[in-house]
file coords.txt (compact mmCIF, C-alpha atoms and all ligand atoms)
# COMPACT_ATOMS: atom_id res chain seq x y z
CA MET A 287 -9.41 13.90 -22.10
CA GLN A 288 -12.26 12.95 -24.38
CA ALA A 289 -10.54 9.67 -25.19
CA ALA A 290 -10.13 8.94 -21.51
CA LYS A 291 -13.83 9.52 -20.83
CA LEU A 292 -14.69 7.15 -23.65
CA THR A 293 -12.35 4.58 -22.14
CA PHE A 294 -14.19 4.94 -18.88
CA ILE A 295 -17.56 4.30 -20.43
CA PHE A 296 -16.09 1.45 -22.41
CA CYS A 297 -14.81 -0.09 -19.18
CA PHE A 298 -18.33 -0.55 -18.01
CA HIS A 299 -19.89 -1.49 -21.27
CA ASN A 300 -19.31 -5.17 -20.64
CA ALA A 301 -20.36 -4.92 -17.03
CA LYS A 302 -23.27 -2.78 -15.86
CA LEU A 303 -23.64 0.27 -18.01
CA ASN A 304 -26.79 1.29 -16.16
CA VAL A 305 -24.85 1.59 -12.88
CA VAL A 306 -22.60 4.23 -14.39
CA HIS A 307 -25.52 6.54 -15.02
CA ASN A 308 -26.34 6.62 -11.32
CA TYR A 309 -23.09 8.45 -10.63
CA LYS A 310 -22.12 11.94 -11.50
CA GLU A 311 -19.48 11.24 -14.06
CA ASN A 312 -16.75 13.45 -12.77
CA MET A 313 -13.77 11.14 -12.37
CA ILE A 314 -11.46 10.94 -15.35
CA ILE A 315 -9.69 7.69 -16.10
CA PHE A 316 -6.38 7.69 -17.89
CA ARG A 317 -4.78 4.55 -19.21
CA HIS A 318 -1.89 6.26 -20.94
CA ALA A 319 0.94 8.03 -19.13
CA LEU A 320 1.30 10.72 -21.78
CA ALA A 321 -2.38 11.67 -21.67
CA LEU A 322 -2.25 11.84 -17.86
CA GLN A 323 0.86 14.02 -17.93
CA ASN A 324 -0.59 16.35 -20.53
CA TYR A 325 -3.74 16.75 -18.55
CA LEU A 326 -1.94 17.40 -15.25
CA ARG A 327 0.55 19.83 -16.72
CA LYS A 328 -2.08 21.82 -18.55
CA SER A 329 -4.89 21.93 -16.07
CA SER A 330 -3.51 21.66 -12.55
CA LYS A 331 -0.15 23.16 -11.72
CA PRO A 332 0.63 25.73 -10.53
CA LEU A 333 -2.98 26.41 -9.61
CA LYS A 334 -3.71 23.22 -7.71
CA SER A 335 -1.99 21.05 -5.15
CA ILE A 336 -1.99 17.42 -6.20
CA GLY A 337 -2.47 14.55 -3.79
CA PHE A 338 -1.54 11.06 -4.95
CA VAL A 339 -2.78 7.70 -3.65
CA PRO A 340 -0.99 4.74 -5.28
CA THR A 341 -2.73 1.37 -4.88
CA MET A 342 -2.85 -2.12 -6.30
CA GLY A 343 -6.65 -2.14 -6.35
CA ALA A 344 -9.11 -4.54 -4.67
CA LEU A 345 -9.97 -1.41 -2.74
CA HIS A 346 -11.29 -1.41 0.81
CA ALA A 347 -12.04 1.25 3.41
CA GLY A 348 -8.32 1.58 4.25
CA HIS A 349 -7.57 2.74 0.70
CA LEU A 350 -10.59 5.04 0.78
CA SER A 351 -9.34 6.63 4.01
CA LEU A 352 -6.19 7.65 2.11
CA LEU A 353 -8.36 9.15 -0.63
CA LYS A 354 -10.39 11.04 1.99
CA GLN A 355 -7.23 12.35 3.62
CA SER A 356 -5.91 13.47 0.24
CA LYS A 357 -9.15 15.26 -0.58
CA SER A 358 -8.98 17.11 2.72
CA ILE A 359 -5.60 18.69 1.98
CA SER A 360 -5.14 18.62 -1.80
CA GLN A 361 -7.11 20.35 -4.48
CA LEU A 362 -6.83 17.50 -6.95
CA THR A 363 -6.54 13.83 -6.05
CA VAL A 364 -5.02 11.24 -8.35
CA CYS A 365 -5.33 7.54 -7.47
CA SER A 366 -3.57 4.80 -9.36
CA ILE A 367 -4.38 1.12 -9.61
CA PHE A 368 -1.56 -1.06 -10.85
CA VAL A 369 -0.67 -4.54 -9.65
CA ASN A 370 3.07 -4.14 -9.96
CA PRO A 371 4.56 -7.48 -11.10
CA VAL A 372 8.15 -6.57 -10.20
CA GLN A 373 7.43 -6.17 -6.50
CA PHE A 374 6.16 -9.74 -6.13
CA ASN A 375 8.89 -12.14 -5.11
CA ASN A 376 6.37 -14.97 -5.31
CA SER A 377 4.69 -15.56 -8.69
CA GLU A 378 1.78 -17.43 -7.12
CA ASP A 379 1.02 -14.39 -4.90
CA PHE A 380 1.05 -12.19 -8.02
CA LYS A 381 -1.29 -14.51 -9.95
CA LYS A 382 -3.70 -14.74 -7.02
CA TYR A 383 -3.69 -11.04 -6.17
CA PRO A 384 -7.39 -10.06 -5.99
CA LYS A 385 -8.75 -7.92 -8.82
CA THR A 386 -12.06 -6.07 -8.47
CA ILE A 387 -11.55 -3.28 -10.97
CA GLU A 388 -15.18 -2.48 -11.76
CA ALA A 389 -16.11 -2.16 -8.08
CA ASP A 390 -12.92 -0.14 -7.50
CA ILE A 391 -13.86 2.39 -10.18
CA LEU A 392 -17.30 2.83 -8.65
CA GLU A 393 -15.83 3.27 -5.16
CA LEU A 394 -13.30 5.84 -6.31
CA GLU A 395 -15.82 7.79 -8.30
CA SER A 396 -18.44 7.80 -5.55
CA ASN A 397 -15.81 8.88 -3.01
CA GLY A 398 -14.81 11.89 -5.05
CA CYS A 399 -11.55 10.80 -6.67
CA ASP A 400 -10.69 13.28 -9.44
CA ILE A 401 -8.40 11.16 -11.57
CA LEU A 402 -7.73 7.46 -11.79
CA PHE A 403 -4.59 6.28 -13.52
CA LEU A 404 -5.08 2.71 -14.69
CA PRO A 405 -2.02 1.82 -16.73
CA SER A 406 -1.09 -1.41 -18.47
CA GLU A 407 2.22 -3.08 -17.68
CA GLU A 408 3.70 -1.76 -20.97
CA GLU A 409 2.80 1.76 -19.96
CA ILE A 410 4.84 1.50 -16.73
CA TYR A 411 7.61 -0.71 -18.07
CA PRO A 412 7.91 -0.03 -21.80
CA ASP A 413 11.07 -2.15 -22.11
CA GLU A 414 13.37 -4.37 -20.07
CA ASN A 415 15.70 -1.44 -19.32
CA SER A 416 12.93 0.34 -17.46
CA LYS A 417 13.01 -2.49 -14.89
CA LYS A 418 16.74 -2.28 -14.29
CA LYS A 419 17.19 0.82 -12.15
CA HIS A 420 18.67 0.16 -8.71
CA TYR A 421 17.96 2.17 -5.56
CA GLU A 422 20.40 2.40 -2.64
CA LEU A 423 18.09 1.42 0.17
CA GLY A 424 20.80 -0.02 2.40
CA TYR A 425 19.67 -1.52 5.70
CA LEU A 426 16.01 -0.80 4.94
CA GLU A 427 15.84 -3.58 2.37
CA LYS A 428 17.79 -6.09 4.41
CA VAL A 429 15.58 -6.20 7.47
CA LEU A 430 12.04 -7.49 8.21
CA GLU A 431 10.05 -7.39 4.92
CA GLY A 432 13.30 -6.86 3.00
CA LYS A 433 14.82 -10.01 4.46
CA PHE A 434 11.81 -12.20 3.69
CA ARG A 435 10.88 -10.62 0.35
CA PRO A 436 14.16 -10.10 -1.51
CA GLY A 437 13.81 -7.57 -4.30
CA HIS A 438 10.38 -6.45 -3.11
CA PHE A 439 11.35 -2.90 -2.18
CA GLN A 440 13.38 -2.42 -5.36
CA GLY A 441 10.15 -3.26 -7.23
CA VAL A 442 8.15 -0.86 -5.05
CA CYS A 443 10.69 1.91 -5.75
CA LEU A 444 10.61 1.26 -9.49
CA VAL A 445 6.87 1.69 -9.74
CA VAL A 446 6.57 4.56 -7.26
CA ASP A 447 9.47 6.41 -8.93
CA LYS A 448 7.73 6.07 -12.29
CA LEU A 449 4.33 7.13 -10.90
CA LEU A 450 5.84 10.11 -9.07
CA SER A 451 7.58 11.28 -12.21
CA LEU A 452 4.25 11.20 -14.07
CA VAL A 453 2.01 12.71 -11.42
CA GLN A 454 4.53 15.00 -9.66
CA PRO A 455 2.29 15.28 -6.63
CA ASP A 456 2.69 17.68 -3.73
CA PHE A 457 1.63 14.90 -1.32
CA ILE A 458 1.73 11.13 -1.45
CA PHE A 459 -0.65 9.30 0.91
CA LEU A 460 0.54 6.02 2.34
CA GLY A 461 -0.80 3.61 4.96
CA GLN A 462 0.98 2.88 8.23
CA LYS A 463 -0.13 -0.71 7.56
CA ASP A 464 2.95 -0.95 5.31
CA PHE A 465 5.19 0.73 7.85
CA GLN A 466 8.50 -0.24 6.27
CA GLN A 467 7.23 0.69 2.80
CA CYS A 468 6.54 4.23 4.08
CA MET A 469 10.18 4.47 5.15
CA VAL A 470 11.37 3.09 1.83
CA ILE A 471 9.32 5.67 -0.06
CA GLU A 472 10.68 8.46 2.14
CA ARG A 473 14.16 7.20 1.24
CA LEU A 474 13.19 7.10 -2.44
CA LEU A 475 12.11 10.74 -2.26
CA GLU A 476 15.49 11.66 -0.77
CA LEU A 477 17.38 9.67 -3.39
CA THR A 478 15.44 11.26 -6.24
CA HIS A 479 15.48 14.77 -4.71
CA ARG A 480 11.73 15.14 -4.91
CA GLU A 481 9.81 17.58 -2.79
CA THR A 482 6.67 15.49 -2.50
CA LYS A 483 5.60 15.21 1.13
CA VAL A 484 4.68 11.83 2.59
CA VAL A 485 1.44 11.70 4.56
CA ILE A 486 1.12 8.50 6.58
CA CYS A 487 -2.44 7.48 7.41
CA PRO A 488 -3.51 5.20 10.30
CA ILE A 489 -4.35 1.53 9.83
CA LEU A 490 -8.02 0.90 9.22
CA ARG A 491 -9.25 -2.28 10.86
CA GLU A 492 -12.32 -4.51 10.70
CA THR A 493 -14.37 -4.39 13.91
CA SER A 494 -12.63 -7.67 14.79
CA GLY A 495 -9.29 -5.83 14.82
CA LEU A 496 -8.02 -7.46 11.62
CA ALA A 497 -6.11 -4.90 9.57
CA MET A 498 -7.93 -4.32 6.30
CA SER A 499 -6.02 -5.71 3.36
CA SER A 500 -6.80 -6.68 -0.23
CA ARG A 501 -5.35 -10.10 0.54
CA ASN A 502 -8.10 -10.65 3.15
CA LEU A 503 -10.35 -11.41 0.17
CA ARG A 504 -8.43 -14.66 -0.11
CA LEU A 505 -9.37 -15.74 3.43
CA ASN A 506 -12.48 -17.83 4.07
CA SER A 507 -14.69 -16.94 7.03
CA ASP A 508 -12.90 -19.27 9.49
CA GLU A 509 -9.51 -17.98 8.39
CA LYS A 510 -10.75 -14.42 8.80
CA LYS A 511 -11.62 -15.16 12.42
CA THR A 512 -8.23 -16.75 13.04
CA ALA A 513 -6.48 -13.88 11.27
CA THR A 514 -7.58 -11.50 14.03
CA GLU A 515 -5.06 -13.28 16.31
CA LEU A 516 -2.21 -11.46 14.61
CA TYR A 517 -3.37 -8.06 15.87
CA SER A 518 -4.40 -9.40 19.28
CA SER A 519 -0.93 -10.92 19.71
CA LEU A 520 0.71 -7.58 18.92
CA LEU A 521 -1.65 -5.80 21.30
CA ALA A 522 -0.98 -8.34 24.05
CA ILE A 523 2.74 -7.60 23.73
CA LYS A 524 2.17 -3.86 23.71
CA ASN A 525 -0.06 -3.98 26.79
CA ASN A 526 2.41 -6.07 28.80
CA LEU A 527 5.69 -4.47 27.77
CA ALA A 528 5.99 -2.30 30.85
CA LYS A 529 6.03 -5.31 33.19
CA ASN A 530 7.52 -8.13 31.11
CA ASN A 531 10.55 -8.64 29.00
CA PHE A 532 10.05 -8.44 25.26
CA SER A 533 11.70 -11.74 24.37
CA ASP A 534 9.31 -13.69 26.65
CA LEU A 535 6.31 -11.83 25.26
CA LYS A 536 7.54 -12.46 21.72
CA ALA A 537 8.06 -16.19 22.36
CA ASN A 538 4.55 -16.47 23.86
CA ALA A 539 2.99 -14.61 20.96
CA ILE A 540 4.73 -16.76 18.35
CA SER A 541 3.77 -19.97 20.08
CA ARG A 542 0.15 -18.77 20.40
CA LEU A 543 0.09 -17.87 16.70
CA GLU A 544 1.63 -21.17 15.66
CA LYS A 545 -0.97 -23.07 17.66
CA LYS A 546 -3.64 -21.23 15.66
CA GLY A 547 -2.02 -22.34 12.39
CA PHE A 548 0.11 -19.31 11.51
CA LYS A 549 3.59 -19.63 10.11
CA VAL A 550 5.36 -16.58 11.54
CA GLU A 551 8.07 -15.02 9.37
CA TYR A 552 9.06 -12.33 11.85
CA LEU A 553 7.78 -10.58 14.92
CA GLU A 554 10.13 -7.82 16.03
CA MET A 555 10.29 -4.57 17.92
CA ALA A 556 12.19 -1.76 16.22
CA LYS A 557 12.98 1.92 16.51
CA ARG A 558 10.43 3.90 14.59
CA ASN A 559 12.86 6.29 12.94
CA ASP A 560 15.31 3.78 11.46
CA LEU A 561 13.90 0.27 12.03
CA GLN A 562 16.90 -0.84 14.11
CA ILE A 563 15.74 -3.97 15.91
CA VAL A 564 15.64 -3.65 19.70
CA SER A 565 15.27 -6.42 22.23
CA GLU A 566 14.15 -4.37 25.20
CA PHE A 567 11.45 -1.79 25.74
CA VAL A 568 12.79 1.56 26.85
CA LYS A 569 10.17 3.90 28.27
CA GLY A 570 9.76 7.06 26.22
CA GLU A 571 11.41 5.63 23.11
CA GLU A 572 9.33 5.64 19.90
CA LEU A 573 9.08 2.01 18.88
CA VAL A 574 6.98 -0.17 16.63
CA ILE A 575 6.22 -3.88 16.82
CA LEU A 576 5.89 -5.45 13.40
CA ALA A 577 4.91 -8.93 12.28
CA ALA A 578 4.43 -10.94 9.13
CA ALA A 579 2.85 -14.37 9.11
CA PHE A 580 1.26 -16.78 6.69
CA LEU A 581 -2.17 -18.11 7.41
CA ASN A 582 -2.38 -21.06 5.03
CA ASN A 583 -0.99 -19.48 1.88
CA VAL A 584 -2.06 -15.89 2.58
CA ARG A 585 0.64 -13.58 3.89
CA LEU A 586 -0.54 -11.03 6.46
CA ILE A 587 1.37 -8.11 7.95
CA ASP A 588 0.49 -5.81 10.82
CA ASN A 589 2.12 -3.44 13.29
CA VAL A 590 1.42 -1.40 16.42
CA LEU A 591 3.14 1.76 17.57
CA ILE A 592 4.63 1.95 21.06
CA ASN A 593 5.27 5.23 22.81
P1 LIG A 601 -1.97 -1.65 -1.64
O1 LIG A 601 -3.13 -1.56 -2.57
O2 LIG A 601 -2.01 -2.83 -0.73
O3 LIG A 601 -0.65 -1.49 -2.36
O4 LIG A 601 -2.09 -0.40 -0.66
C1 LIG A 601 -2.15 0.90 -1.15
C2 LIG A 601 -2.01 1.86 0.00
O5 LIG A 601 -3.08 1.64 0.93
C3 LIG A 601 -0.70 1.66 0.77
O6 LIG A 601 -0.16 2.91 1.11
C4 LIG A 601 -1.15 0.89 1.97
O7 LIG A 601 -0.32 1.05 3.10
C5 LIG A 601 -2.53 1.50 2.22
N1 LIG A 601 -3.34 0.58 3.04
C6 LIG A 601 -3.49 -0.75 2.86
N2 LIG A 601 -4.24 -1.28 3.84
C7 LIG A 601 -4.57 -0.24 4.66
C8 LIG A 601 -5.33 -0.15 5.87
N3 LIG A 601 -5.90 -1.21 6.44
N4 LIG A 601 -5.48 1.07 6.43
C9 LIG A 601 -4.90 2.17 5.88
N5 LIG A 601 -4.17 2.13 4.73
C10 LIG A 601 -4.00 0.95 4.14
call {"tool": "encode", "arguments": {"input": "coords.txt", "output": "structure tokens", "more": "lines below"}}
Ligand code: AMP
result
Amino acid sequence: MQAAKLTFIFCFHNAKLNVVHNYKENMIIFRHALALQNYLRKSSKPLKSIGFVPTMGALHAGHLSLLKQSKSISQLTVCSIFVNPVQFNNSEDFKKYPKTIEADILELESNGCDILFLPSEEEIYPDENSKKKHYELGYLEKVLEGKFRPGHFQGVCLVVDKLLSLVQPDFIFLGQKDFQQCMVIERLLELTHRETKVVICPILRETSGLAMSSRNLRLNSDEKKTATELYSSLLAIKNNLAKNNFSDLKANAISRLEKKGFKVEYLEMAKRNDLQIVSEFVKGEELVILAAAFLNNVRLIDNVLIN
């Protein structure tokens, strides 16, 4: 624990050491899995419930809403920041993934995070074998995100499986923003017979409607304005579903998005419980409309729930 505190101070030594002293230093940072495990085994369970918020950093209010939710129902909250290389099917996307680690640490600490796990790649994947596990995700990794990002969900499962085995949380907090990922992680929990409960938190949006995302940092101000069209297109479909047929609404939305410069990968309506694609709206059925589109070279995803 002492070593971890020193690491924390060291983190800031090159940046703004004076800023650190403005905060009550009560968040512990672990870089090593073993130290984190030792700490959690000795000091938390069975006395405390552990909430876990896995992230890839470049934190925004959406991430912090997960932390807040965790703090409201768990006694100890662990966040992790790890940009997981094996879930990127595009090396350019991985290289350009925003990194704001010093600001992230300050945000987490000032928002009451108890523990931050900040591992290196070697810590998560000590050897090549540790990247070879395969998870039977079936249909879930063949559709929507799975279809356009082959291997992505296997990479997500690898890292989340590893993190869950280290933290052994009672709750894992995930964002509805990554709707399909929530389902994949629920499947992972089944496959690995873990009792961790998934808590899905609503999508936090900018006042413009744009879903908050770390990748938004790669958009310039004009692109940010255009990016709001993705959500408004989904809303337009949702609001007109009762009177119009979905395929017409979908075609209109795609053409509107393309005119604004988007390259749409998919825009589909699916059943919420199993992501089976549906072509017609049935009143009373729990559905979700999901989309992924590139704006220049930034990939955006969003979804809206339909009751
Ligand atoms: P990421 O850092 O992108 O891997 O996201 C970490 C967690 O934050 C995931 O569970 C995301 O679904 C969630 N998240 C990302 N964006 C938002 C948002 N706008 N609102 C709520 N949760 C979000």
call {"tool": "residues_near_ligand", "arguments": {"input": "coords.txt", "ligand": "ligand LIG 601 (chain A)", "cutoff": "8 Å", "atoms": "only C-alpha atoms and all ligand atoms", "output": "ChimeraX atom specification"}}
result
/A:339-349,351-352,367,369,459-465,467-468,486-491,497-500
call {"tool": "atom_distance", "arguments": {"input": "coords.txt", "atom1": "atom CA of Leu591 of chain A", "atom2": "atom CA of Lys524 of chain A"}}
result
8.4 Å
call {"tool": "residues_around", "arguments": {"input": "coords.txt", "residues": "Val470 of chain A", "least_positions_apart": "5", "cutoff": "12 Å", "atoms": "all atoms listed in the file", "output": "compact mmCIF listing (two decimals) with C-alpha atoms, in the frame of the given file"}}
result
# COMPACT_ATOMS: atom_id res chain seq x y z
CA TYR A 421 17.96 2.17 -5.56
CA GLU A 422 20.40 2.40 -2.64
CA LEU A 423 18.09 1.42 0.17
CA GLY A 424 20.80 -0.02 2.40
CA TYR A 425 19.67 -1.52 5.70
CA LEU A 426 16.01 -0.80 4.94
CA GLU A 427 15.84 -3.58 2.37
CA LYS A 428 17.79 -6.09 4.41
CA VAL A 429 15.58 -6.20 7.47
CA GLU A 431 10.05 -7.39 4.92
CA GLY A 432 13.30 -6.86 3.00
CA HIS A 438 10.38 -6.45 -3.11
CA PHE A 439 11.35 -2.90 -2.18
CA GLN A 440 13.38 -2.42 -5.36
CA GLY A 441 10.15 -3.26 -7.23
CA VAL A 442 8.15 -0.86 -5.05
CA CYS A 443 10.69 1.91 -5.75
CA LEU A 444 10.61 1.26 -9.49
CA VAL A 446 6.57 4.56 -7.26
CA ASP A 447 9.47 6.41 -8.93
CA LEU A 460 0.54 6.02 2.34
CA ASP A 464 2.95 -0.95 5.31
CA PHE A 465 5.19 0.73 7.85
CA LEU A 475 12.11 10.74 -2.26
CA GLU A 476 15.49 11.66 -0.77
CA LEU A 477 17.38 9.67 -3.39
CA VAL A 484 4.68 11.83 2.59
CA ASN A 559 12.86 6.29 12.94
CA ASP A 560 15.31 3.78 11.46
CA LEU A 561 13.90 0.27 12.03
call {"tool": "residues_around", "arguments": {"input": "coords.txt", "residues": "Asp588 of chain A", "least_positions_apart": "2", "cutoff": "7 Å", "atoms": "all atoms listed in the file", "output": "CSV table (one decimal) with C-alpha atoms, in the frame of the given file"}}
result
chain,number,residue,atom,x,y,z
A,463,LYS,CA,-0.1,-0.7,7.6
A,497,ALA,CA,-6.1,-4.9,9.6
A,517,TYR,CA,-3.4,-8.1,15.9
A,576,LEU,CA,5.9,-5.4,13.4
A,577,ALA,CA,4.9,-8.9,12.3
A,578,ALA,CA,4.4,-10.9,9.1
A,586,LEU,CA,-0.5,-11.0,6.5
call {"tool": "atom_distance", "arguments": {"input": "coords.txt", "atom1": "atom CA of Asp456 of chain A", "atom2": "atom CA of Ser360 of chain A"}}
result
8.1 Å
call {"tool": "atom_distance", "arguments": {"input": "coords.txt", "atom1": "atom CA of Lys483 of chain A", "atom2": "atom CA of Ile458 of chain A"}}
result
6.2 Å
call {"tool": "closest_residue", "arguments": {"input": "coords.txt", "among": "A:Asn397, A:Thr514, A:Gln361, A:Ser366", "to": "Thr493 of chain A", "atoms": "all atoms listed in the file"}}
result
A:Thr514
call {"tool": "closest_residue", "arguments": {"input": "coords.txt", "among": "A:Asn531, A:Asp400, A:Ser377, A:Pro371", "to": "Lys417 of chain A", "atoms": "only C-alpha atoms"}}
result
A:Pro371
call {"tool": "axis_aligned_box", "arguments": {"input": "coords.txt", "around": "segment 364-382 of chain A", "padding_each_side": "4 Å", "output": "lines of an AutoDock Vina configuration file"}}
result
center_x = 1.8
center_y = -3.1
center_z = -8.0
size_x = 22.2
size_y = 36.7
size_z = 14.2
call {"tool": "closest_residue", "arguments": {"input": "coords.txt", "among": "A:Glu472, A:Asp534, A:Asp508, A:Glu481", "to": "Ala522 of chain A", "atoms": "only C-alpha atoms"}}
result
A:Asp534
call {"tool": "closest_residue", "arguments": {"input": "coords.txt", "among": "A:Ser494, A:Asn582, A:Asn530, A:Asn525", "to": "Lys549 of chain A", "atoms": "only C-alpha atoms"}}
result
A:Asn582
call {"tool": "closest_residue", "arguments": {"input": "coords.txt", "among": "A:Asp390, A:Glu378, A:Glu572, A:Glu408", "to": "His318 of chain A", "atoms": "all atoms listed in the file"}}
result
A:Glu408
call {"tool": "closest_residue", "arguments": {"input": "coords.txt", "among": "A:Glu515, A:Glu571, A:Met313, A:Gly398", "to": "Lys545 of chain A", "atoms": "all atoms listed in the file"}}
result
A:Glu515
